[in-house]
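Q: Handing over model-v6.cif, mmCIF, C-alpha atoms.
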data_query
#
loop_
_atom_site.group_PDB
_atom_site.id
_atom_site.type_symbol
_atom_site.label_atom_id
_atom_site.label_comp_id
_atom_site.auth_asym_id
_atom_site.auth_seq_id
_atom_site.Cartn_x
_atom_site.Cartn_y
_atom_site.Cartn_z
ATOM 1 C CA MET A 876 189.429 61.003 43.441
ATOM 2 C CA ASN A 877 191.937 62.854 45.600
ATOM 3 C CA LEU A 878 191.692 65.900 43.316
ATOM 4 C CA PHE A 879 187.893 65.781 43.585
ATOM 5 C CA LYS A 880 188.098 65.826 47.382
ATOM 6 C CA LYS A 881 190.557 68.716 47.498
ATOM 7 C CA ILE A 882 188.615 70.863 45.017
ATOM 8 C CA THR A 883 185.345 70.146 46.827
ATOM 9 C CA LEU A 884 186.788 71.179 50.194
ATOM 10 C CA PHE A 885 188.363 74.331 48.709
ATOM 11 C CA THR A 886 185.082 75.219 46.981
ATOM 12 C CA THR A 887 183.170 74.723 50.242
ATOM 13 C CA ILE A 888 185.462 77.160 52.050
ATOM 14 C CA MET A 889 185.264 79.588 49.140
ATOM 15 C CA THR A 890 181.451 79.441 49.155
ATOM 16 C CA PHE A 891 181.421 80.244 52.861
ATOM 17 C CA CYS A 892 183.667 83.268 52.217
ATOM 18 C CA LEU A 893 181.500 84.358 49.277
ATOM 19 C CA ILE A 894 178.375 84.330 51.458
ATOM 20 C CA VAL A 895 180.099 86.595 53.977
ATOM 21 C CA LEU A 896 181.400 88.830 51.178
ATOM 22 C CA GLY A 897 177.908 88.996 49.657
ATOM 23 C CA ALA A 898 176.505 90.084 53.019
ATOM 24 C CA TYR A 899 179.138 92.822 53.247
ATOM 25 C CA VAL A 900 178.313 94.047 49.721
ATOM 26 C CA ARG A 901 174.581 94.090 50.487
ATOM 27 C CA LEU A 902 174.932 95.739 53.899
ATOM 28 C CA SER A 903 177.325 98.399 52.594
ATOM 29 C CA ASP A 904 174.635 99.305 50.042
ATOM 30 C CA ALA A 905 176.885 98.330 47.126
ATOM 31 C CA GLY A 906 174.497 95.858 45.490
ATOM 32 C CA LEU A 907 173.739 98.405 42.763
ATOM 33 C CA GLY A 908 177.314 99.708 42.563
ATOM 34 C CA CYS A 909 177.202 98.531 38.942
ATOM 35 C CA PRO A 910 173.946 99.292 37.116
ATOM 36 C CA ASP A 911 174.396 96.500 34.543
ATOM 37 C CA TRP A 912 175.296 92.800 34.564
ATOM 38 C CA PRO A 913 177.666 90.939 34.225
ATOM 39 C CA GLY A 914 179.916 93.919 33.520
ATOM 40 C CA CYS A 915 180.119 97.270 35.245
ATOM 41 C CA PHE A 916 179.145 100.385 33.298
ATOM 42 C CA GLY A 917 179.587 98.427 30.077
ATOM 43 C CA THR A 918 183.032 96.962 30.859
ATOM 44 C CA LEU A 919 184.391 93.922 32.693
ATOM 45 C CA THR A 920 186.031 96.135 35.286
ATOM 46 C CA VAL A 921 185.269 99.426 37.032
ATOM 47 C CA PRO A 922 185.879 102.664 35.075
ATOM 48 C CA GLU A 923 188.914 104.393 36.579
ATOM 49 C CA SER A 924 190.439 106.678 33.922
ATOM 50 C CA GLN A 925 188.856 109.994 33.023
ATOM 51 C CA LEU A 926 188.006 108.702 29.545
ATOM 52 C CA ALA A 927 186.390 105.548 30.934
ATOM 53 C CA ILE A 928 184.379 107.561 33.463
ATOM 54 C CA GLU A 929 183.151 109.976 30.786
ATOM 55 C CA LYS A 930 182.123 107.060 28.581
ATOM 56 C CA ALA A 931 180.291 105.405 31.481
ATOM 57 C CA GLN A 932 178.478 108.651 32.311
ATOM 58 C CA HIS A 933 177.420 108.987 28.675
ATOM 59 C CA THR A 934 176.150 105.384 28.551
ATOM 60 C CA PHE A 935 174.429 105.562 31.961
ATOM 61 C CA PRO A 936 173.496 109.246 32.354
ATOM 62 C CA ASP A 937 171.132 108.601 35.281
ATOM 63 C CA GLN A 938 173.693 106.662 37.331
ATOM 64 C CA VAL A 939 176.171 108.039 39.861
ATOM 65 C CA ILE A 940 179.578 106.373 39.581
ATOM 66 C CA GLU A 941 180.839 105.390 43.037
ATOM 67 C CA ASN A 942 184.007 103.407 42.444
ATOM 68 C CA ASP A 943 184.292 102.044 45.962
ATOM 69 C CA LYS A 944 180.837 100.475 45.760
ATOM 70 C CA ALA A 945 181.385 99.348 42.173
ATOM 71 C CA TRP A 946 184.606 97.543 43.128
ATOM 72 C CA LYS A 947 182.884 95.775 46.023
ATOM 73 C CA GLU A 948 180.226 94.483 43.664
ATOM 74 C CA MET A 949 182.704 93.466 40.964
ATOM 75 C CA VAL A 950 184.968 91.594 43.390
ATOM 76 C CA HIS A 951 181.866 89.726 44.525
ATOM 77 C CA ARG A 952 181.075 88.866 40.898
ATOM 78 C CA TYR A 953 184.639 87.772 40.149
ATOM 79 C CA VAL A 954 184.641 85.400 43.109
ATOM 80 C CA ALA A 955 181.183 84.101 42.171
ATOM 81 C CA GLY A 956 182.390 83.473 38.609
ATOM 82 C CA LEU A 957 185.392 81.520 39.870
ATOM 83 C CA LEU A 958 183.093 79.547 42.153
ATOM 84 C CA GLY A 959 180.949 78.624 39.157
ATOM 85 C CA LEU A 960 183.999 77.260 37.330
ATOM 86 C CA LEU A 961 185.022 75.244 40.380
ATOM 87 C CA ILE A 962 181.563 73.725 40.684
ATOM 88 C CA LEU A 963 181.669 72.835 36.990
ATOM 89 C CA SER A 964 184.965 71.038 37.628
ATOM 90 C CA ILE A 965 183.420 69.212 40.608
ATOM 91 C CA ALA A 966 180.613 67.918 38.411
ATOM 92 C CA TYR A 967 183.117 66.780 35.777
ATOM 93 C CA LEU A 968 185.359 65.051 38.316
ATOM 94 C CA ALA A 969 182.311 63.444 39.931
ATOM 95 C CA TYR A 970 181.376 61.967 36.558
ATOM 96 C CA LYS A 971 184.927 60.680 36.026
ATOM 97 C CA ASN A 972 185.030 59.153 39.516
ATOM 98 C CA LYS A 973 181.381 58.134 39.817
ATOM 99 C CA LYS A 974 182.298 54.589 40.883
ATOM 100 C CA SER A 975 184.230 55.974 43.862
ATOM 101 C CA LEU A 976 181.670 58.598 44.912
ATOM 102 C CA LYS A 977 180.251 58.223 48.409
ATOM 103 C CA VAL A 978 177.084 60.111 47.478
ATOM 104 C CA ASN A 979 174.509 59.898 44.718
ATOM 105 C CA ILE A 980 175.895 61.332 41.459
ATOM 106 C CA PHE A 981 172.953 63.745 41.303
ATOM 107 C CA VAL A 982 174.241 65.566 44.394
ATOM 108 C CA PRO A 983 177.228 67.191 42.620
ATOM 109 C CA TYR A 984 175.136 67.563 39.472
ATOM 110 C CA SER A 985 172.520 69.531 41.425
ATOM 111 C CA LEU A 986 175.146 72.172 42.135
ATOM 112 C CA LEU A 987 175.243 73.053 38.432
ATOM 113 C CA GLY A 988 171.527 73.794 38.471
ATOM 114 C CA ILE A 989 171.869 75.952 41.572
ATOM 115 C CA VAL A 990 174.795 77.892 40.080
ATOM 116 C CA PHE A 991 172.774 78.650 36.944
ATOM 117 C CA PHE A 992 169.851 79.691 39.155
ATOM 118 C CA GLN A 993 172.168 81.906 41.227
ATOM 119 C CA ALA A 994 173.565 83.592 38.113
ATOM 120 C CA MET A 995 170.045 84.434 36.936
ATOM 121 C CA LEU A 996 169.147 85.792 40.371
ATOM 122 C CA GLY A 997 172.349 87.859 40.390
ATOM 123 C CA MET A 998 171.338 89.431 37.094
ATOM 124 C CA LEU A 999 167.740 90.019 38.279
ATOM 125 C CA THR A 1000 169.000 91.577 41.511
ATOM 126 C CA VAL A 1001 170.490 94.386 39.414
ATOM 127 C CA THR A 1002 167.870 94.654 36.675
ATOM 128 C CA LEU A 1003 164.941 94.570 39.123
ATOM 129 C CA LEU A 1004 166.643 97.059 41.490
ATOM 130 C CA LEU A 1005 167.065 94.873 44.587
ATOM 131 C CA LYS A 1006 163.557 93.388 44.532
ATOM 132 C CA PRO A 1007 163.289 91.781 48.020
ATOM 133 C CA ILE A 1008 162.175 88.312 46.896
ATOM 134 C CA ILE A 1009 165.027 88.101 44.365
ATOM 135 C CA VAL A 1010 167.700 89.138 46.883
ATOM 136 C CA SER A 1011 166.282 86.796 49.541
ATOM 137 C CA ALA A 1012 166.150 83.899 47.068
ATOM 138 C CA HIS A 1013 169.757 84.678 46.105
ATOM 139 C CA LEU A 1014 170.740 84.317 49.760
ATOM 140 C CA ILE A 1015 168.903 80.988 50.062
ATOM 141 C CA GLY A 1016 170.603 79.746 46.889
ATOM 142 C CA GLY A 1017 174.004 80.590 48.351
ATOM 143 C CA MET A 1018 173.210 78.788 51.605
ATOM 144 C CA ALA A 1019 171.908 75.757 49.691
ATOM 145 C CA THR A 1020 175.152 75.649 47.716
ATOM 146 C CA LEU A 1021 177.102 75.760 50.986
ATOM 147 C CA ALA A 1022 175.002 72.955 52.471
ATOM 148 C CA ILE A 1023 175.477 70.644 49.478
ATOM 149 C CA LEU A 1024 179.212 71.318 49.282
ATOM 150 C CA THR A 1025 179.553 70.731 53.034
ATOM 151 C CA TYR A 1026 177.740 67.407 52.646
ATOM 152 C CA LEU A 1027 179.974 66.426 49.727
ATOM 153 C CA SER A 1028 183.152 67.361 51.578
ATOM 154 C CA TYR A 1029 182.182 65.714 54.827
ATOM 155 C CA GLU A 1030 181.102 62.457 53.201
ATOM 156 C CA HIS A 1031 184.439 62.140 51.409
ATOM 157 C CA PHE A 1032 186.749 63.297 54.209
ATOM 158 C CA ASN A 1033 185.031 61.848 57.269
ATOM 159 C CA LYS A 1034 186.400 58.440 58.267
ATOM 160 C CA ASN A 1035 184.326 58.030 61.419
ATOM 161 C CA SER A 1036 181.394 55.675 61.548
ATOM 162 C CA LYS A 1037 177.855 56.986 61.289
ATOM 163 C CA LEU A 1038 175.482 57.083 64.236
ATOM 164 C CA ILE A 1039 172.675 54.625 63.608
ATOM 165 C CA LEU A 1040 169.647 55.594 65.680
ATOM 166 C CA LYS A 1041 167.044 53.042 66.716
ATOM 167 C CA LYS A 1042 164.628 55.772 67.738
ATOM 168 C CA SER A 1043 163.595 57.876 64.784
ATOM 169 C CA LEU A 1044 162.530 61.093 66.614
ATOM 170 C CA ILE A 1045 166.052 62.582 66.716
ATOM 171 C CA PHE A 1046 166.592 61.517 63.104
ATOM 172 C CA TYR A 1047 163.488 63.385 61.958
ATOM 173 C CA MET A 1048 164.252 66.374 64.182
ATOM 174 C CA ALA A 1049 167.698 66.684 62.592
ATOM 175 C CA ARG A 1050 166.224 66.445 59.097
ATOM 176 C CA PHE A 1051 163.514 68.995 59.843
ATOM 177 C CA GLY A 1052 166.185 71.178 61.433
ATOM 178 C CA LEU A 1053 167.657 71.801 57.987
ATOM 179 C CA ILE A 1054 164.282 73.045 56.761
ATOM 180 C CA LEU A 1055 163.806 75.163 59.867
ATOM 181 C CA ILE A 1056 167.193 76.881 59.622
ATOM 182 C CA PHE A 1057 166.585 77.729 55.956
ATOM 183 C CA MET A 1058 163.177 79.174 56.835
ATOM 184 C CA GLN A 1059 164.801 81.379 59.471
ATOM 185 C CA ILE A 1060 167.571 82.434 57.092
ATOM 186 C CA PHE A 1061 164.912 83.438 54.572
ATOM 187 C CA LEU A 1062 163.181 85.518 57.260
ATOM 188 C CA GLY A 1063 166.521 87.115 58.109
ATOM 189 C CA GLY A 1064 167.178 87.842 54.447
ATOM 190 C CA TRP A 1065 163.665 89.254 54.073
ATOM 191 C CA THR A 1066 164.258 91.508 57.073
ATOM 192 C CA SER A 1067 167.584 92.732 55.702
ATOM 193 C CA THR A 1068 166.484 93.260 52.094
ATOM 194 C CA ASN A 1069 163.429 95.212 53.212
ATOM 195 C CA TYR A 1070 165.592 97.383 55.494
ATOM 196 C CA ALA A 1071 163.467 96.318 58.460
ATOM 197 C CA GLY A 1072 166.429 95.594 60.703
ATOM 198 C CA LEU A 1073 165.874 98.785 62.687
ATOM 199 C CA ALA A 1074 162.078 98.876 62.544
ATOM 200 C CA CYS A 1075 162.291 98.055 66.266
ATOM 201 C CA THR A 1076 165.416 98.951 68.208
ATOM 202 C CA ASP A 1077 164.518 97.600 71.636
ATOM 203 C CA PHE A 1078 164.348 94.000 72.827
ATOM 204 C CA PRO A 1079 162.376 91.918 73.682
ATOM 205 C CA THR A 1080 159.623 94.461 73.071
ATOM 206 C CA CYS A 1081 159.127 96.613 69.957
ATOM 207 C CA HIS A 1082 158.834 100.297 70.873
ATOM 208 C CA GLY A 1083 157.797 99.157 74.344
ATOM 209 C CA GLN A 1084 155.074 96.844 73.038
ATOM 210 C CA TRP A 1085 155.104 93.052 73.041
ATOM 211 C CA ILE A 1086 152.842 93.014 69.984
ATOM 212 C CA PRO A 1087 153.181 96.259 67.974
ATOM 213 C CA GLU A 1088 150.820 97.389 65.240
ATOM 214 C CA MET A 1089 151.611 95.250 62.186
ATOM 215 C CA ASP A 1090 150.635 95.072 58.535
ATOM 216 C CA PHE A 1091 151.166 91.459 57.456
ATOM 217 C CA LYS A 1092 149.476 91.846 54.076
ATOM 218 C CA ASN A 1093 152.114 94.192 52.681
ATOM 219 C CA ALA A 1094 154.955 92.860 54.821
ATOM 220 C CA PHE A 1095 155.037 89.452 53.160
ATOM 221 C CA ASN A 1096 153.803 90.249 49.663
ATOM 222 C CA ILE A 1097 156.614 88.684 47.627
ATOM 223 C CA PHE A 1098 155.631 90.383 44.367
ATOM 224 C CA ARG A 1099 156.140 93.977 45.459
ATOM 225 C CA ASN A 1100 159.176 96.178 44.815
ATOM 226 C CA LEU A 1101 161.597 97.433 47.443
ATOM 227 C CA GLY A 1102 160.025 99.977 49.782
ATOM 228 C CA GLN A 1103 156.631 99.791 48.084
ATOM 229 C CA THR A 1104 153.299 98.052 48.430
ATOM 230 C CA SER A 1105 151.924 96.067 45.495
ATOM 231 C CA GLU A 1106 149.995 99.231 44.515
ATOM 232 C CA GLY A 1107 153.204 101.269 44.397
ATOM 233 C CA ALA A 1108 152.610 103.272 47.582
ATOM 234 C CA PRO A 1109 155.406 103.636 50.151
ATOM 235 C CA ILE A 1110 155.441 100.688 52.535
ATOM 236 C CA SER A 1111 154.331 101.532 56.075
ATOM 237 C CA ILE A 1112 156.309 101.217 59.292
ATOM 238 C CA ASN A 1113 153.683 98.733 60.475
ATOM 239 C CA ALA A 1114 154.688 96.402 57.634
ATOM 240 C CA LEU A 1115 158.326 96.684 58.715
ATOM 241 C CA HIS A 1116 157.252 95.938 62.300
ATOM 242 C CA ALA A 1117 155.602 92.741 61.069
ATOM 243 C CA ILE A 1118 158.711 91.636 59.189
ATOM 244 C CA GLN A 1119 161.038 92.095 62.152
ATOM 245 C CA TRP A 1120 158.540 90.702 64.678
ATOM 246 C CA ILE A 1121 158.133 87.454 62.705
ATOM 247 C CA HIS A 1122 161.915 87.192 62.386
ATOM 248 C CA ARG A 1123 162.147 87.485 66.172
ATOM 249 C CA VAL A 1124 159.526 84.765 66.676
ATOM 250 C CA GLY A 1125 161.470 82.594 64.253
ATOM 251 C CA ALA A 1126 164.719 83.227 66.148
ATOM 252 C CA ILE A 1127 163.176 82.187 69.471
ATOM 253 C CA THR A 1128 161.707 79.076 67.815
ATOM 254 C CA VAL A 1129 165.117 78.150 66.372
ATOM 255 C CA VAL A 1130 166.848 78.612 69.743
ATOM 256 C CA ILE A 1131 164.327 76.378 71.542
ATOM 257 C CA TYR A 1132 164.296 73.739 68.809
ATOM 258 C CA PHE A 1133 168.046 73.393 68.355
ATOM 259 C CA GLY A 1134 168.639 73.842 72.064
ATOM 260 C CA TYR A 1135 166.574 70.732 72.699
ATOM 261 C CA LEU A 1136 168.119 68.868 69.763
ATOM 262 C CA SER A 1137 171.632 69.649 70.996
ATOM 263 C CA TYR A 1138 170.719 68.501 74.505
ATOM 264 C CA ALA A 1139 169.370 65.231 73.083
ATOM 265 C CA LEU A 1140 172.487 64.640 70.961
ATOM 266 C CA ILE A 1141 175.116 65.391 73.616
ATOM 267 C CA LYS A 1142 174.596 61.938 75.171
ATOM 268 C CA TYR A 1143 175.908 60.310 71.962
ATOM 269 C CA LYS A 1144 179.695 60.248 71.999
ATOM 270 C CA GLN A 1145 179.920 60.431 68.187
ATOM 271 C CA LEU A 1146 177.905 63.681 68.137
ATOM 272 C CA ARG A 1147 178.982 65.378 71.372
ATOM 273 C CA PHE A 1148 181.430 67.784 69.750
ATOM 274 C CA GLU A 1149 178.966 68.833 67.024
ATOM 275 C CA ALA A 1150 176.116 69.226 69.539
ATOM 276 C CA ILE A 1151 178.178 71.492 71.822
ATOM 277 C CA LEU A 1152 179.428 73.485 68.819
ATOM 278 C CA LEU A 1153 175.838 73.921 67.643
ATOM 279 C CA LEU A 1154 174.871 75.324 71.054
ATOM 280 C CA ILE A 1155 177.792 77.776 71.010
ATOM 281 C CA ILE A 1156 177.060 79.035 67.484
ATOM 282 C CA LEU A 1157 173.345 79.241 68.241
ATOM 283 C CA ALA A 1158 173.964 81.349 71.342
ATOM 284 C CA ALA A 1159 176.380 83.593 69.433
ATOM 285 C CA GLN A 1160 173.849 84.096 66.645
ATOM 286 C CA PHE A 1161 171.076 84.996 69.091
ATOM 287 C CA PHE A 1162 173.142 87.538 71.037
ATOM 288 C CA ILE A 1163 174.606 89.064 67.864
ATOM 289 C CA GLY A 1164 171.044 89.566 66.645
ATOM 290 C CA ILE A 1165 170.112 91.397 69.857
ATOM 291 C CA ALA A 1166 173.308 93.477 69.717
ATOM 292 C CA ASN A 1167 172.483 94.486 66.141
ATOM 293 C CA LEU A 1168 169.198 95.984 67.369
ATOM 294 C CA ILE A 1169 170.585 97.762 70.403
ATOM 295 C CA LEU A 1170 173.683 99.122 68.615
ATOM 296 C CA HIS A 1171 171.812 100.010 65.390
ATOM 297 C CA LEU A 1172 173.359 97.513 62.962
ATOM 298 C CA PRO A 1173 177.107 98.212 63.081
ATOM 299 C CA MET A 1174 178.706 96.690 59.985
ATOM 300 C CA VAL A 1175 180.887 94.194 61.835
ATOM 301 C CA LEU A 1176 177.925 92.750 63.764
ATOM 302 C CA ALA A 1177 175.593 92.760 60.764
ATOM 303 C CA VAL A 1178 178.121 90.788 58.693
ATOM 304 C CA SER A 1179 178.845 88.518 61.666
ATOM 305 C CA HIS A 1180 175.133 87.692 61.857
ATOM 306 C CA ASN A 1181 175.353 86.328 58.309
ATOM 307 C CA LEU A 1182 178.603 84.525 59.098
ATOM 308 C CA THR A 1183 177.115 82.682 62.070
ATOM 309 C CA ALA A 1184 174.044 81.795 59.993
ATOM 310 C CA ALA A 1185 176.368 80.135 57.474
ATOM 311 C CA LEU A 1186 178.135 78.316 60.342
ATOM 312 C CA LEU A 1187 174.766 76.996 61.509
ATOM 313 C CA VAL A 1188 174.092 75.644 58.026
ATOM 314 C CA VAL A 1189 177.487 73.893 58.042
ATOM 315 C CA ILE A 1190 177.129 72.282 61.480
ATOM 316 C CA ILE A 1191 173.498 71.212 60.933
ATOM 317 C CA THR A 1192 174.448 69.686 57.578
ATOM 318 C CA ILE A 1193 177.292 67.745 59.216
ATOM 319 C CA LEU A 1194 174.946 66.499 61.934
ATOM 320 C CA ASN A 1195 172.519 65.260 59.301
ATOM 321 C CA SER A 1196 175.367 63.581 57.462
ATOM 322 C CA LYS A 1197 176.381 61.694 60.618
ATOM 323 C CA ILE A 1198 172.906 60.638 61.729
ATOM 324 C CA LYS A 1199 171.369 57.656 59.980
ATOM 325 C CA LYS A 1200 168.117 55.882 60.726
ATOM 326 C CA GLN A 1201 167.963 52.195 61.519
ATOM 327 C CA TYR A 1202 165.360 50.446 59.434
ATOM 328 C CA ALA A 1203 163.670 47.202 60.482
#
So, in terms of structure tokens, how does the structure I just supplied come out?
A:
Amino acid sequence: MNLFKKITLFTTIMTFCLIVLGAYVRLSDAGLGCPDWPGCFGTLTVPESQLAIEKAQHTFPDQVIENDKAWKEMVHRYVAGLLGLLILSIAYLAYKNKKSLKVNIFVPYSLLGIVFFQAMLGMLTVTLLLKPIIVSAHLIGGMATLAILTYLSYEHFNKNSKLILKKSLIFYMARFGLILIFMQIFLGGWTSTNYAGLACTDFPTCHGQWIPEMDFKNAFNIFRNLGQTSEGAPISINALHAIQWIHRVGAITVVIYFGYLSYALIKYKQLRFEAILLLIILAAQFFIGIANLILHLPMVLAVSHNLTAALLVVIITILNSKIKKQYA
């Protein structure tokens, strides 16, 4: 059981790092650094020698070989592959130690399904040329993996007693909070994958307007390709306005919701640290988002925005793990 706990904690940390690395790869426009999957230009590494480059150019005549981008993508794939093996070992160790597990056996098993799903999305990300719904779903899958691993790790390492609440409102708010944060992360992913991050560069207005002209029909059509409407025409700036504007509304909603939840939880001694930490991360995420607009998405802030989103997933998962409802 001790090995299970150590591997689970290591895998949780590794998943967090992989999410940040994935954001860096996406934001540095290296997602298509390799035109095929799972290899890169037909090999398991990046072509470096003159002979390998000539062979790659012959096999993929329409592709430009940019080794720096290709290496970013391949490092991301290598780490993801190792993560898959670690999750497989977690499922195996969970089966061996099922009598000692502090969670339902289907929790570690569910990770295997998510990893398979993530691998398919990784392949489709390349073959469908960064289709927004595929890339956004890939982000959600990564965050879900982080949430489950965080829950597994916390349940097996935490020795403190749970908080049993007589009033159910906070219990349900914490549970719904997980849904809400994933909805906002999806909106953030949708904004990023549609390159709508700079559709408006002022705040709180958009080009000086509180409600700019928006095209919701094409903005949130999940079946369209990147930069196109469902009919194949170039997507309009009004559609990009709609995407960023809804993300902003979601951000304000999240701040108000978790601000109140944190305030309500601070009075409980068992949750005071987590509630204060949630407020700090929430404030950091909000101001990083504003700074990204004003400073035109500098890489360090854009990646940090993803990092703090992952931190929110971790802290909200821990809060949900600690809060239990008292039944009659």
Q: Which residues match the PyMOL selection byres ((chain A and resi 1026) around 9) in the file above, as number ranges by chain?
A: A: 978, 1021-1025, 1027-1031, 1189, 1192-1193, 1195-1196
Q: Of the residues A:Asn1033, A:Asn1100, A:Gln1119, A:Asn877, which is the one nearest to Thr1000 in chain A, using all atoms listed in the file?
A: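 Going through A:Asn1033, A:Asn1100, A:Gln1119, A:Asn877 one by one, the smallest distance to Thr1000 in chain A is for A:Asn1100.
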Q: For range 996-999 of chain A, list every protein, DNA or RNA residue within 10 Å, evaluated using only C-alpha atoms, and leave out those in the same chain fewer than 4 positions away; present the list as a PyMOL selection string.
A: chain A and resi 906+911-913+952+955+990-992+1003-1006+1008-1014+1016
Q: Interatomic distance between CA of Lys1197 in chain A and CA of Gln1160 in chain A?
A: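 It comes out at 23.3 Å.
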Q: Please determine, counting only C-alpha atoms, which residue among A:Val1129, A:Ile1198, A:Val921, A:Pro1087 has the shortest atom-to-atom distance to Phe1046 in chain A.
A: A:Ile1198
Q: What are the centre and the three edge lengths of an axis-aligned box that wraps all atoms of range 1174-1189 of chain A in the file, given that 3 Å is added to every side, written as AutoDock Vina command-line options and rounded to one decimal in Å?
A:
--center_x 177.5 --center_y 85.3 --center_z 60.6 --size_x 12.8 --size_y 28.8 --size_z 12.3
Q: Residues near Ile1191 in chain A, anyone? I mean within 8 Å using all atoms listed in the file, not counting same-chain ones fewer than 2 positions away, as a PyMOL selection string.
A: chain A and resi 1049+1052-1053+1153+1187-1189+1193-1195
Q: Can you work out which one of A:Phe891, A:Phe1098, A:Trp1120, A:Tyr1135 has the shortest atom-to-atom distance to Val954 in chain A, counting all atoms listed in the file?
A: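 Comparing A:Phe891, A:Phe1098, A:Trp1120, A:Tyr1135 against Val954 in chain A, the winner is A:Phe891.
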Q: Using only C-alpha atoms, can you tell me which of A:Asp904, A:Met1048, A:Ser975, A:Leu957 comes closest to Thr1068 in chain A?
A: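 Smallest separation from Thr1068 in chain A among the options: A:Asp904.
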Q: Would you work out the distance separating CA of Ser1179 in chain A from CA of Gly1164 in chain A, expressed in Å to one decimal?
A: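 According to the coordinates, CA of Ser1179 in chain A and CA of Gly1164 in chain A are separated by 9.3 Å.
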Q: Would you kindly return, as number ranges by chain, each protein, DNA or RNA residue with an atom no farther than 12 Å from any atom of Ile980 in chain A, considering only C-alpha atoms and excluding same-chain residues fewer than 4 positions away?
A: A: 965-976, 984-986, 1027
Q: If we count all atoms listed in the file and set the cut-off at 10 Å, which residues sit around Leu907 in chain A, ignoring sequence neighbours fewer than 5 positions away in its own chain? Please answer as a CSV table (one decimal) with C-alpha atoms, in the coordinates of the input.
A:
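What ended up in out_34.csv:
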chain,number,residue,atom,x,y,z
A,900,VAL,CA,178.3,94.0,49.7
A,901,ARG,CA,174.6,94.1,50.5
A,915,CYS,CA,180.1,97.3,35.2
A,938,GLN,CA,173.7,106.7,37.3
A,941,GLU,CA,180.8,105.4,43.0
A,944,LYS,CA,180.8,100.5,45.8
A,945,ALA,CA,181.4,99.3,42.2
A,948,GLU,CA,180.2,94.5,43.7
A,1000,THR,CA,169.0,91.6,41.5
A,1001,VAL,CA,170.5,94.4,39.4
A,1002,THR,CA,167.9,94.7,36.7
A,1004,LEU,CA,166.6,97.1,41.5
A,1005,LEU,CA,167.1,94.9,44.6
Q: Which protein, DNA or RNA residues are at most 10 Å from (170.7, 96.6, 53.5) in the file's coordinates when you count all atoms listed in the file, listed as JSON, numbers by chain?
A: {"A": [898, 899, 900, 901, 902, 903, 904, 905, 906, 1005, 1064, 1066, 1067, 1068, 1069, 1070, 1071, 1072, 1172, 1177]}
Q: Expanded to explicit residues, what is the PyMOL selection byres ((chain A and resi 1137) around 9) for this file, as a ChimeraX atom specification?
A: /A:1132-1136,1138-1141,1147,1149-1154
Q: Take range 1117-1126 of chain A, bring it up to N, CA, C and O atoms, and give me the output as a CSV table (one decimal), in the coordinates of the input.
A:
chain,number,residue,atom,x,y,z
A,1117,ALA,N,156.0,94.1,61.3
A,1117,ALA,CA,155.6,92.7,61.1
A,1117,ALA,C,156.8,91.9,60.6
A,1117,ALA,O,156.9,90.7,61.1
A,1118,ILE,N,157.6,92.4,59.7
A,1118,ILE,CA,158.7,91.6,59.2
A,1118,ILE,C,159.7,91.3,60.3
A,1118,ILE,O,160.1,90.2,60.5
A,1119,GLN,N,160.1,92.3,61.1
A,1119,GLN,CA,161.0,92.1,62.2
A,1119,GLN,C,160.4,91.3,63.3
A,1119,GLN,O,161.1,90.4,63.8
A,1120,TRP,N,159.2,91.4,63.6
A,1120,TRP,CA,158.5,90.7,64.7
A,1120,TRP,C,158.5,89.2,64.4
A,1120,TRP,O,158.8,88.4,65.2
A,1121,ILE,N,158.2,88.9,63.1
A,1121,ILE,CA,158.1,87.5,62.7
A,1121,ILE,C,159.5,86.9,62.7
A,1121,ILE,O,159.7,85.7,63.1
A,1122,HIS,N,160.5,87.7,62.3
A,1122,HIS,CA,161.9,87.2,62.4
A,1122,HIS,C,162.3,86.9,63.8
A,1122,HIS,O,163.0,85.9,64.1
A,1123,ARG,N,161.9,87.7,64.8
A,1123,ARG,CA,162.1,87.5,66.2
A,1123,ARG,C,161.5,86.2,66.7
A,1123,ARG,O,162.1,85.4,67.4
A,1124,VAL,N,160.2,86.0,66.3
A,1124,VAL,CA,159.5,84.8,66.7
A,1124,VAL,C,160.3,83.5,66.1
A,1124,VAL,O,160.4,82.5,66.8
A,1125,GLY,N,160.7,83.7,64.9
A,1125,GLY,CA,161.5,82.6,64.3
A,1125,GLY,C,162.8,82.3,65.0
A,1125,GLY,O,163.2,81.2,65.2
A,1126,ALA,N,163.5,83.4,65.4
A,1126,ALA,CA,164.7,83.2,66.1
A,1126,ALA,C,164.5,82.5,67.5
A,1126,ALA,O,165.3,81.6,67.8
